[in-house]
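Before any comments, here is the structure.
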Amino acid sequence: MDTVRVTFHPKDTSVDVGRGATVLEAAASAGVTIASICGGDGICGKCRVIIQSGKVDTDPTTLLTREEIQQGYALACTTRLVADTEVIVPPESQAEGAQILIDEDARRFRAFFPTAEKPTFFRHDPVVQKLYLELPPPTLEDNLACQERLFREIRRRIASPVMQMGLKVLRSLPAVNREAEWRVTTTVGRRGGTTEVIQVEPGDRTERSYGVAIDVGTSTVVAHLVDLSTSGMIDAEACYNSQAVFGAEVTRRIIQAEREGTKALRDAVVGDINNLISALVTRHPVELHDIVTLVAAGNTTMLHFLLGLDPSHIRKSPYIPTTTVPPPVRASEVGIKINPRGLLYVMPSIGSWVGGDVTAGILATGLYKSNQLTMLIDIGTNAEIVLGNRDWIMSCAASAGPAFEGSGVKCGMRASRGAIERVTVDSDGRVDVRTIGDALPEGICGSGLIDAIAGLYQVGILDRSGSLLPDSSPRVRESEGQLEFVLVAEGENGATRDIVIAQPDIENLLRAKAAIYSGAKVLLDVMHHSFDDVEQLLVAGGFGNYLDRAKAMTLGMIPDIPLERIRFVGNTALIGAKMAMLSTDAFQASLTIAHGATYYDLITYPHYYEEFMSAKFIPHTHMDLFPTAATFGTAHGEGGS
Amino acid sequence: MTAEIPDVKKTWPHSINTVTIGATATEGGTRTSTITVGGETTLPFYHFEGTMPNKPVLAMEVWDVPAEDWPEPVKKPFADVMSDPGTWAKRCVEEHGAELICLRLKGCDPNGADRTPQEAAEAAKKVLDAVGVPLIIWGCGNVDKDNEVFPVVGDAVSGENCLLGTISEDNYKTLTALGTAYKHKLIAASPVDINLAKQVNILAMDVGFPPENILIYPSTGALGYGIEYVYTIMERLRIAGLKGDKVVAMPMLCDIGIEAWGVKEAKAPESEVPGWGDVNERGPMWEAATAYVYLLAGADILIMRHPDAVRITKNTIARLMGGGA
């Protein structure tokens with residue numbers, strides 16, 4: 001057979017193919033991925049390559065300018081190889097080239113993602129995006145209808161075999177097209193395999209395209225405003241979930257919904273989200289109309305409340321939710337005030353008690369691609385624990401309570417400006433605190449609580465059962481019949497009130513850490529693994545900006561394994577939601593993750609309660625499980641991770 | 001042809017601590033005898049497998065105030081001596097063979113007679129004067145009051161190497177301090193939970209109290225009232241101790257009388273429950289049967305009340321130890 005040799009740059013990969021094969025076919029057999037949406041039909045114009053030397057035979061095309069053709073540009077799909085050829089694949093045509101740019105959080109934590117050799121990157125292709133289109137005006141020869149004309153242009157830009165448009169948009173279409181002289185910005189959203197044209201605006205509006213990623217937590221709701229065109233994060237805002245008035249725990253709120261209906265709970269969380277969005281847009285030149293999508297990650301129950309679904313069966317055997325994969329819906333349908341035709345996406349859940357926040361975490365950390373046995377612990381009001389690698393994923397949930405999020409804690413607060421996030425206690429009982437933003441201390445957040453309690457234990461102000469010891473420090477005092485430790489007295493560090501850790505706060509935190517540790521241990525037991533087998537332990541959650549791993553280990557919150565295997569990865573629910581928002585591929589990956597992960601119910605484990613009880617102690621009643629934790633002295637507080 | 005029977009004997013890597021209660025004159029006390037318990041190298045009465053160097057012993061219960069609320073069948077044998085703990089203890093030892101006396105300071109309960117620490121100390125002295133066996137002193141159960149009473153009582157019986165109890169997560173600090181100062185042993189209490197049992201021991205050890213001076217009281221349930229639950233906890237504690245968990249390798253103590261005589265099956269007169277038989281026989285049998293179960297679970301000290309139950313149980317112990325009638 002008559003063959004020619006093709007070499008692709010910049011990869012410098014060569015392949016022999018039959019004379020007459022297209023450059024695109026040659027690239028496929030060489031393992032070089034070239035962007036192509038139309039699949040080789042010469043329509044999309046994505047597969048631009050530069051013919052550096054050699055001889056090719058190419059079809060005429062309108063998708064390249066005269067200058068480009070002179071520079072050697074050709075479409076890979078319609079260019080046939082005649083002799084040995086050198087081909088340059090320019091960056092814009094490298095399929096894996098356009099990566100989504102994640103925000104500062106993600107950049108900070110990227111180094112910790114477990115797929116070290118190849119971090120989790122996805123193509124920038126938001127689930128809802130604006131496309132500026134210059135439609136060829138219709139002529140007697142090109143007499144395609146308004147809608148189909150638009151669809152044709154969209155298909156040249158993004159893969160969208162099935163498209164639809166609402167009647168409202170269709171009615172406006174002829175006028176908008178003509179007023180704008182066929183230069184329009186269309187907003188398209190992915191709904192399963194279908195691409196919906198959400199709106200058509202005159203002129204180029206692509207720079208005014210925003211999305212909001214939301215972590216709908218039981219205790220805390222966090223929103224990030226993202227520029228969809230640049231992937232850049234603009235701002236963040238958080239508040240406590242006002243459903244708390246119906247109960248701190250998920251189950252209490254389900255019971256409330258059973259009695260009074262879901263409306264009040266839905267109104268509460270939707271109100272929170274609207275307030276957060278409204279706070280975000282008032283600080284920036286962003287109009288609600290330009291927010292075209294919202295991606296929410298949360299536990300399964302929270303997502304039921306958000307969508308107004310009946311959550312009651314989640315708490316009754318056999319614990320079946322209404323759905324784990326809610327469809328994209330119009331955000332306005334649930335009362336969220338963004339562009340009225342904007343779409344709300346909900347990250348798919350794994351099961352009734354392991355929600356879309358965990359799916360997002362698995363996506364964000366790349367656990368599902370990891371070669372290493374990885375454990376992800378997402379600390380919230382419920383702590384979810386995920387164990388697995390590229391081949392299998394198991395998950396479970398343990399009720400930790402809201403202490404880590406600063407709720408139900410006497411001087412607790414969210415991890416926001418002014419929250420004490422680091423505490424060191426020296427052997428004389430002197431306390432040094434650091435606040436988020438180096439602001440005046442207002443309260444204490446989860447990471448500060450971990451630091452403080454571990455520190456108090458290390459210097460003997462607290463015993464192993466978590467009891468404050470009277471007379472152990474001048475800072476221990478009695479108030480309202482219970483002991484408390486004065487972390488910052490009024491006036492110290494500019495504090496306007498005493499910031500204390502009360503005895504019940506300690507008990508709450510120890511219960512929470514026991515739930516986490518025992519859940520992790522049981523999940524490993526069930527899989528016939530031990531902590532020694534865990535090659536990466538990722539701790540996620542919004543309880544602070546850092547985690548002192550040695551202190552967490554001192555408390556017995558995380559297992560006694562080499563510190564270098566442990567990483568704090570931040571709010572992965574939010575990072576994952578943002579990734580899904582910015583890349584349809586990432587959103588698709590989340591569906592695969594949710595589908596493939598298995599939920600394990602801890603309550604079915606015969607010794608779960610006993611495991612929990614033994615983990616309530618500092619660090620544990622089986623002290624030999626924590627040989628190195630015992631060696632951490634007061635001075636060993638580590639820097640941020 | 002005979003089948004080969006495999007040797008299923010098990011040897012454990014560790015043994016249970018040995019604890020001695022009481023001090024004779026040469027040891028700085030006034031006791032005429034001491035009691036040593038523990039030292040097991042195997043499960044209870046597995047003589048084929050290991051050793052049980054010290055047999056389980058029986059303590060009889062005496063109060064610092066008359067035990068008005070004891071059911072009639074168990075009050076009767078002591079009705080004439082209940083006004084004086086010394087005389088009461090003397091009867092237990094001399095007539096019924098008590099190997100220890102457990103003085104329960106019920107009178108100190110702030111919801112009862114609310115007697116002073118000094119009065120409690122006097123009661124303890126009376127018992128020490130009246131008998132030569134070692135003494136267990138059990139608080140009233142009110143943590144705050146016990147924290148007031150024990151320092152005075154512990155001082156009053158200083159050097160006698162008594163067994164004081166109970167310590168829990170809430171009051172281990174006071175008792176461990178005075179146990180160290182006045183050289184007494186301690187009972188660590190926990191509510192039928194292996195972890196809580198460990199925790200209180202660890203807390204005591206953390207403040208420097210030697211584990212060799214601690215007995216475990218894992219709570220006691222009467223026959224028919226969760227006894228199997230306590231049984232498994234005791235069995236697991238013992239197995240953990242034999243396996244080498246130093247935190248639980250302690251002798252165990254069971255409070256039989258108070259539990260057995262608290263249940264209807266032991267105390268309801270036949271007039272109320274026709275067909276159950278004479279309560280004067282049924283009550284002691286219930287106490288003895290309860291005690292039997294705890295012996296098998298690994299109890300080293302049993303605190304009991306009724307003379308008949310004590311007699312039956314002593315006989316049981318003798319037989320289980322390989323002798324007796």
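How things are named: the first chain in the structure tokens is A, the next is B, and so on; residues count from 1 in each chain; ligands count from 1 in the order shown.
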
Proximity check chain A to chain B, 10 Å, nearest pairs one decimal Å, only C-alpha atoms, as a Markdown table:
| residue | atom | partner | partner_atom | distance |
| --- | --- | --- | --- | --- |
| A:Asp463 | CA | B:Leu203 | CA | 7.2 |
| A:Arg464 | CA | B:Leu203 | CA | 6.6 |
| A:Ser465 | CA | B:Gln199 | CA | 7.3 |
| A:Gly466 | CA | B:Glu169 | CA | 9.9 |
| A:Ser467 | CA | B:Asp170 | CA | 8.5 |
| A:Leu469 | CA | B:Lys173 | CA | 9.3 |
| A:Glu610 | CA | B:Asn195 | CA | 7.4 |
| A:Glu611 | CA | B:Asn195 | CA | 8.8 |
| A:Phe612 | CA | B:Asn195 | CA | 9.6 |
| A:Met613 | CA | B:Asn195 | CA | 6.4 |
| A:Ser614 | CA | B:Asn195 | CA | 5.2 |
| A:Ala615 | CA | B:Asn195 | CA | 8.9 |
| A:Lys616 | CA | B:Asn195 | CA | 9.3 |
| A:Phe617 | CA | B:Gln199 | CA | 7.2 |
| A:Ile618 | CA | B:Gln199 | CA | 9.5 |
| A:His620 | CA | B:Gln199 | CA | 8.8 |
| A:Thr621 | CA | B:Gln199 | CA | 6.1 |
| A:His622 | CA | B:Lys198 | CA | 8.5 |
| A:Met623 | CA | B:Ile202 | CA | 9.3 |
| A:Asp624 | CA | B:Asp245 | CA | 9.5 |

Those residues with N, CA and C atoms, as a tab-separated table (two decimals), in the first residue's frame please?
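Generated file (selection-v4.tsv):
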chain	number	residue	atom	x	y	z
A	463	ASP	N	-8.84	17.24	80.13
A	463	ASP	CA	-8.42	15.84	80.23
A	463	ASP	C	-8.89	15.07	79.00
A	464	ARG	N	-8.56	13.79	78.99
A	464	ARG	CA	-8.84	12.99	77.80
A	464	ARG	C	-10.32	12.85	77.49
A	465	SER	N	-11.15	13.02	78.51
A	465	SER	CA	-12.57	12.91	78.23
A	465	SER	C	-13.13	14.25	77.77
A	466	GLY	N	-12.26	15.27	77.69
A	466	GLY	CA	-12.71	16.56	77.20
A	466	GLY	C	-13.23	17.47	78.30
A	467	SER	N	-13.02	17.09	79.56
A	467	SER	CA	-13.49	17.95	80.65
A	467	SER	C	-12.45	19.02	80.95
A	469	LEU	N	-10.45	21.27	83.31
A	469	LEU	CA	-10.07	21.01	84.68
A	469	LEU	C	-10.02	22.32	85.45
A	610	GLU	N	-20.25	1.38	69.16
A	610	GLU	CA	-19.09	1.18	70.03
A	610	GLU	C	-17.85	1.88	69.45
A	611	GLU	N	-17.71	1.80	68.15
A	611	GLU	CA	-16.61	2.52	67.51
A	611	GLU	C	-16.73	4.02	67.79
A	612	PHE	N	-17.95	4.48	67.73
A	612	PHE	CA	-18.20	5.91	67.98
A	612	PHE	C	-17.82	6.26	69.42
A	613	MET	N	-18.28	5.43	70.37
A	613	MET	CA	-17.99	5.72	71.78
A	613	MET	C	-16.48	5.72	72.03
A	614	SER	N	-15.78	4.78	71.44
A	614	SER	CA	-14.35	4.73	71.73
A	614	SER	C	-13.60	5.89	71.09
A	615	ALA	N	-14.22	6.48	70.06
A	615	ALA	CA	-13.56	7.61	69.38
A	615	ALA	C	-13.87	8.95	70.04
A	616	LYS	N	-14.75	8.96	71.03
A	616	LYS	CA	-15.09	10.23	71.69
A	616	LYS	C	-13.99	10.71	72.62
A	617	PHE	N	-13.15	9.80	73.00
A	617	PHE	CA	-12.05	10.12	73.90
A	617	PHE	C	-10.95	10.84	73.12
A	618	ILE	N	-10.04	11.50	73.84
A	618	ILE	CA	-8.90	12.13	73.17
A	618	ILE	C	-7.66	11.25	73.37
A	620	HIS	N	-8.47	8.52	71.62
A	620	HIS	CA	-9.26	7.32	71.39
A	620	HIS	C	-9.02	6.43	72.60
A	621	THR	N	-9.97	5.54	72.91
A	621	THR	CA	-9.68	4.66	74.05
A	621	THR	C	-8.65	3.60	73.68
A	622	HIS	N	-8.52	3.30	72.38
A	622	HIS	CA	-7.42	2.42	71.97
A	622	HIS	C	-6.23	3.33	71.67
A	623	MET	N	-5.48	3.64	72.71
A	623	MET	CA	-4.44	4.65	72.54
A	623	MET	C	-3.35	4.18	71.60
A	624	ASP	N	-3.22	2.87	71.46
A	624	ASP	CA	-2.18	2.39	70.56
A	624	ASP	C	-2.51	2.67	69.10

Using DSSP secondary structure from the backbone, list all helix (DSSP H, G or I) positions within segment 94-308 of chain B, as a PyMOL selection string. chain B and resi 94-96+106-108+117-130+143-156+172-182+194-206+211-213+227-243+246-248+256-260+264-267+279-297+307-308

Leaving out segment 285-287 of chain B and any residue of its chain fewer than 6 positions from it, which residues lie within 8 Å of it when counting only C-alpha atoms, given as an NGL selection string? :B and (222-223 or 256-257 or 260-261 or 265-266 or 304 or 306 or 309)

Can you list, as a PyMOL selection string, every residue of segment 339-584 of chain A that DSSP puts in strand (DSSP E)? chain A and resi 343-346+374-379+382-388+393-399+419-425+431-435+443-444+476-479+482-488+499-502+536-540+566-570

Selection above as a file: C-alpha atoms, as a PDB file, in the first residue's frame:
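Produced file again_1.pdb, reproduced below:
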ATOM      1  CA  LEU A 343     -30.987  27.193  34.355  1.00  0.00           C
ATOM      2  CA  LEU A 344     -30.472  25.654  37.764  1.00  0.00           C
ATOM      3  CA  TYR A 345     -28.305  22.559  37.811  1.00  0.00           C
ATOM      4  CA  VAL A 346     -28.102  20.300  40.806  1.00  0.00           C
ATOM      5  CA  THR A 374      -7.793   7.725  48.553  1.00  0.00           C
ATOM      6  CA  MET A 375     -10.064   8.742  51.363  1.00  0.00           C
ATOM      7  CA  LEU A 376     -12.002  11.987  51.187  1.00  0.00           C
ATOM      8  CA  ILE A 377     -13.598  13.272  54.369  1.00  0.00           C
ATOM      9  CA  ASP A 378     -15.983  16.148  53.784  1.00  0.00           C
ATOM     10  CA  ILE A 379     -16.678  17.797  57.098  1.00  0.00           C
ATOM     11  CA  ASN A 382     -23.001  15.592  58.212  1.00  0.00           C
ATOM     12  CA  ALA A 383     -19.560  14.249  57.596  1.00  0.00           C
ATOM     13  CA  GLU A 384     -19.350  12.220  54.442  1.00  0.00           C
ATOM     14  CA  ILE A 385     -16.542   9.803  53.964  1.00  0.00           C
ATOM     15  CA  VAL A 386     -15.512   8.496  50.574  1.00  0.00           C
ATOM     16  CA  LEU A 387     -13.037   5.714  49.988  1.00  0.00           C
ATOM     17  CA  GLY A 388     -11.836   4.526  46.628  1.00  0.00           C
ATOM     18  CA  ILE A 393     -15.840   4.221  45.245  1.00  0.00           C
ATOM     19  CA  MET A 394     -17.585   3.598  48.560  1.00  0.00           C
ATOM     20  CA  SER A 395     -19.185   6.304  50.643  1.00  0.00           C
ATOM     21  CA  CYS A 396     -20.908   6.731  53.957  1.00  0.00           C
ATOM     22  CA  ALA A 397     -22.291   9.539  56.069  1.00  0.00           C
ATOM     23  CA  ALA A 398     -22.023  10.244  59.783  1.00  0.00           C
ATOM     24  CA  SER A 399     -23.850  12.910  61.694  1.00  0.00           C
ATOM     25  CA  ALA A 419     -13.047  34.348  62.966  1.00  0.00           C
ATOM     26  CA  ILE A 420     -10.276  32.897  65.096  1.00  0.00           C
ATOM     27  CA  GLU A 421      -8.856  30.184  62.868  1.00  0.00           C
ATOM     28  CA  ARG A 422      -5.557  29.392  64.555  1.00  0.00           C
ATOM     29  CA  VAL A 423      -4.839  29.016  68.208  1.00  0.00           C
ATOM     30  CA  THR A 424      -1.685  28.100  70.031  1.00  0.00           C
ATOM     31  CA  VAL A 425      -1.633  27.443  73.739  1.00  0.00           C
ATOM     32  CA  VAL A 431      -2.898  31.821  74.276  1.00  0.00           C
ATOM     33  CA  ASP A 432      -2.061  33.214  70.887  1.00  0.00           C
ATOM     34  CA  VAL A 433      -4.765  33.526  68.247  1.00  0.00           C
ATOM     35  CA  ARG A 434      -4.909  34.413  64.600  1.00  0.00           C
ATOM     36  CA  THR A 435      -8.002  35.536  62.817  1.00  0.00           C
ATOM     37  CA  GLY A 443     -15.639  34.533  67.359  1.00  0.00           C
ATOM     38  CA  ILE A 444     -14.153  31.153  66.629  1.00  0.00           C
ATOM     39  CA  VAL A 476     -10.738  28.531  83.215  1.00  0.00           C
ATOM     40  CA  ARG A 477     -13.791  29.949  84.920  1.00  0.00           C
ATOM     41  CA  GLU A 478     -17.350  29.048  85.729  1.00  0.00           C
ATOM     42  CA  SER A 479     -20.213  30.750  83.998  1.00  0.00           C
ATOM     43  CA  GLN A 482     -20.527  25.354  83.580  1.00  0.00           C
ATOM     44  CA  LEU A 483     -16.828  25.695  83.036  1.00  0.00           C
ATOM     45  CA  GLU A 484     -15.419  27.656  80.154  1.00  0.00           C
ATOM     46  CA  PHE A 485     -12.012  28.672  78.885  1.00  0.00           C
ATOM     47  CA  VAL A 486     -11.442  32.316  78.044  1.00  0.00           C
ATOM     48  CA  LEU A 487      -9.667  32.276  74.715  1.00  0.00           C
ATOM     49  CA  VAL A 488      -9.619  36.034  74.240  1.00  0.00           C
ATOM     50  CA  ILE A 499     -14.482  34.872  73.410  1.00  0.00           C
ATOM     51  CA  VAL A 500     -14.751  31.603  75.289  1.00  0.00           C
ATOM     52  CA  ILE A 501     -14.839  27.903  74.681  1.00  0.00           C
ATOM     53  CA  ALA A 502     -17.553  26.430  76.881  1.00  0.00           C
ATOM     54  CA  GLN A 536      -4.049   9.907  50.391  1.00  0.00           C
ATOM     55  CA  LEU A 537      -6.339  11.318  53.026  1.00  0.00           C
ATOM     56  CA  LEU A 538      -8.093  14.434  51.824  1.00  0.00           C
ATOM     57  CA  VAL A 539      -9.955  16.543  54.338  1.00  0.00           C
ATOM     58  CA  ALA A 540     -12.522  18.873  52.825  1.00  0.00           C
ATOM     59  CA  ILE A 566      -2.937  14.066  54.648  1.00  0.00           C
ATOM     60  CA  ARG A 567      -4.117  17.097  52.704  1.00  0.00           C
ATOM     61  CA  PHE A 568      -6.632  19.777  53.481  1.00  0.00           C
ATOM     62  CA  VAL A 569      -8.450  20.504  50.233  1.00  0.00           C
ATOM     63  CA  GLY A 570     -10.958  23.206  51.198  1.00  0.00           C
TER      64      GLY A 570
END

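When atom CA of Leu294 of chain A is paired with atom CA of Gly211 of chain A, their separation reads 5.6 Å.
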
Residue contacts of Val62 of chain B (7 Å, only C-alpha atoms) excluding same-chain residues fewer than 5 positions away, as a list in words: Pro85, Trp88, Ala89, Ile101, Cys102, Leu103 and Arg104 of chain B

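Minimum atom-to-atom distance to Gly54 of chain A, evaluated using only C-alpha atoms, belongs to A:Val6 out of A:Val6, A:Ala454, A:Leu133, A:Cys77.
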
Got a sec: who's within 7 Å of segment 290-301 of chain B, counting only C-alpha atoms, leaving out chain neighbours fewer than 6 positions off, as a list in words? Val37, Gly38, Pro44, Pro56, Val57, Leu58, Ala59, Ala222, Leu223, Tyr231, Met234, Glu235, Pro251, Met252, Leu253, Cys254, Ile256, Ala260 and Thr313 of chain B

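Proximity to Leu100 of chain B was assessed for B:Leu237, B:Ala3, B:Ile214, B:Ile303 counting only C-alpha atoms; the smallest distance is recorded for B:Ile303.
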
Leaving out Gly139 of chain B and any residue of its chain fewer than 4 positions from it, which residues lie within 7 Å of it when counting only C-alpha atoms, given as a list in words? Arg104, Leu105, Asp146, Gly165 and Thr166 of chain B

Store the residues picked out above in a file with N, CA and C atoms, as a PDB file, in the first residue's frame.
ATOM      1  N   ARG B 104     -21.366   0.859 102.849  1.00  0.00           N
ATOM      2  CA  ARG B 104     -21.982   1.780 101.898  1.00  0.00           C
ATOM      3  C   ARG B 104     -22.455   3.010 102.670  1.00  0.00           C
ATOM      4  N   LEU B 105     -21.947   4.171 102.269  1.00  0.00           N
ATOM      5  CA  LEU B 105     -22.225   5.400 103.031  1.00  0.00           C
ATOM      6  C   LEU B 105     -23.535   6.034 102.583  1.00  0.00           C
ATOM      7  N   ASP B 146     -19.771  12.938  97.606  1.00  0.00           N
ATOM      8  CA  ASP B 146     -18.677  11.972  97.735  1.00  0.00           C
ATOM      9  C   ASP B 146     -17.320  12.673  97.725  1.00  0.00           C
ATOM     10  N   GLY B 165     -14.716   3.586  96.489  1.00  0.00           N
ATOM     11  CA  GLY B 165     -15.390   3.734  95.196  1.00  0.00           C
ATOM     12  C   GLY B 165     -16.682   4.536  95.299  1.00  0.00           C
ATOM     13  N   THR B 166     -17.127   4.960  94.203  1.00  0.00           N
ATOM     14  CA  THR B 166     -16.488   4.624  92.940  1.00  0.00           C
ATOM     15  C   THR B 166     -16.003   5.906  92.267  1.00  0.00           C
TER      16      THR B 166
END

Can you list, as a ChimeraX atom specification, every protein, DNA or RNA residue that comes within 7 Å of Ala364 of chain A when you count only C-alpha atoms, leaving out same-chain residues fewer than 6 positions away? /A:572,575-576

Using only C-alpha atoms, the residue out of A:Leu64, A:Leu456, A:Leu602, A:Leu373 with shortest distance to His529 of chain A is A:Leu373
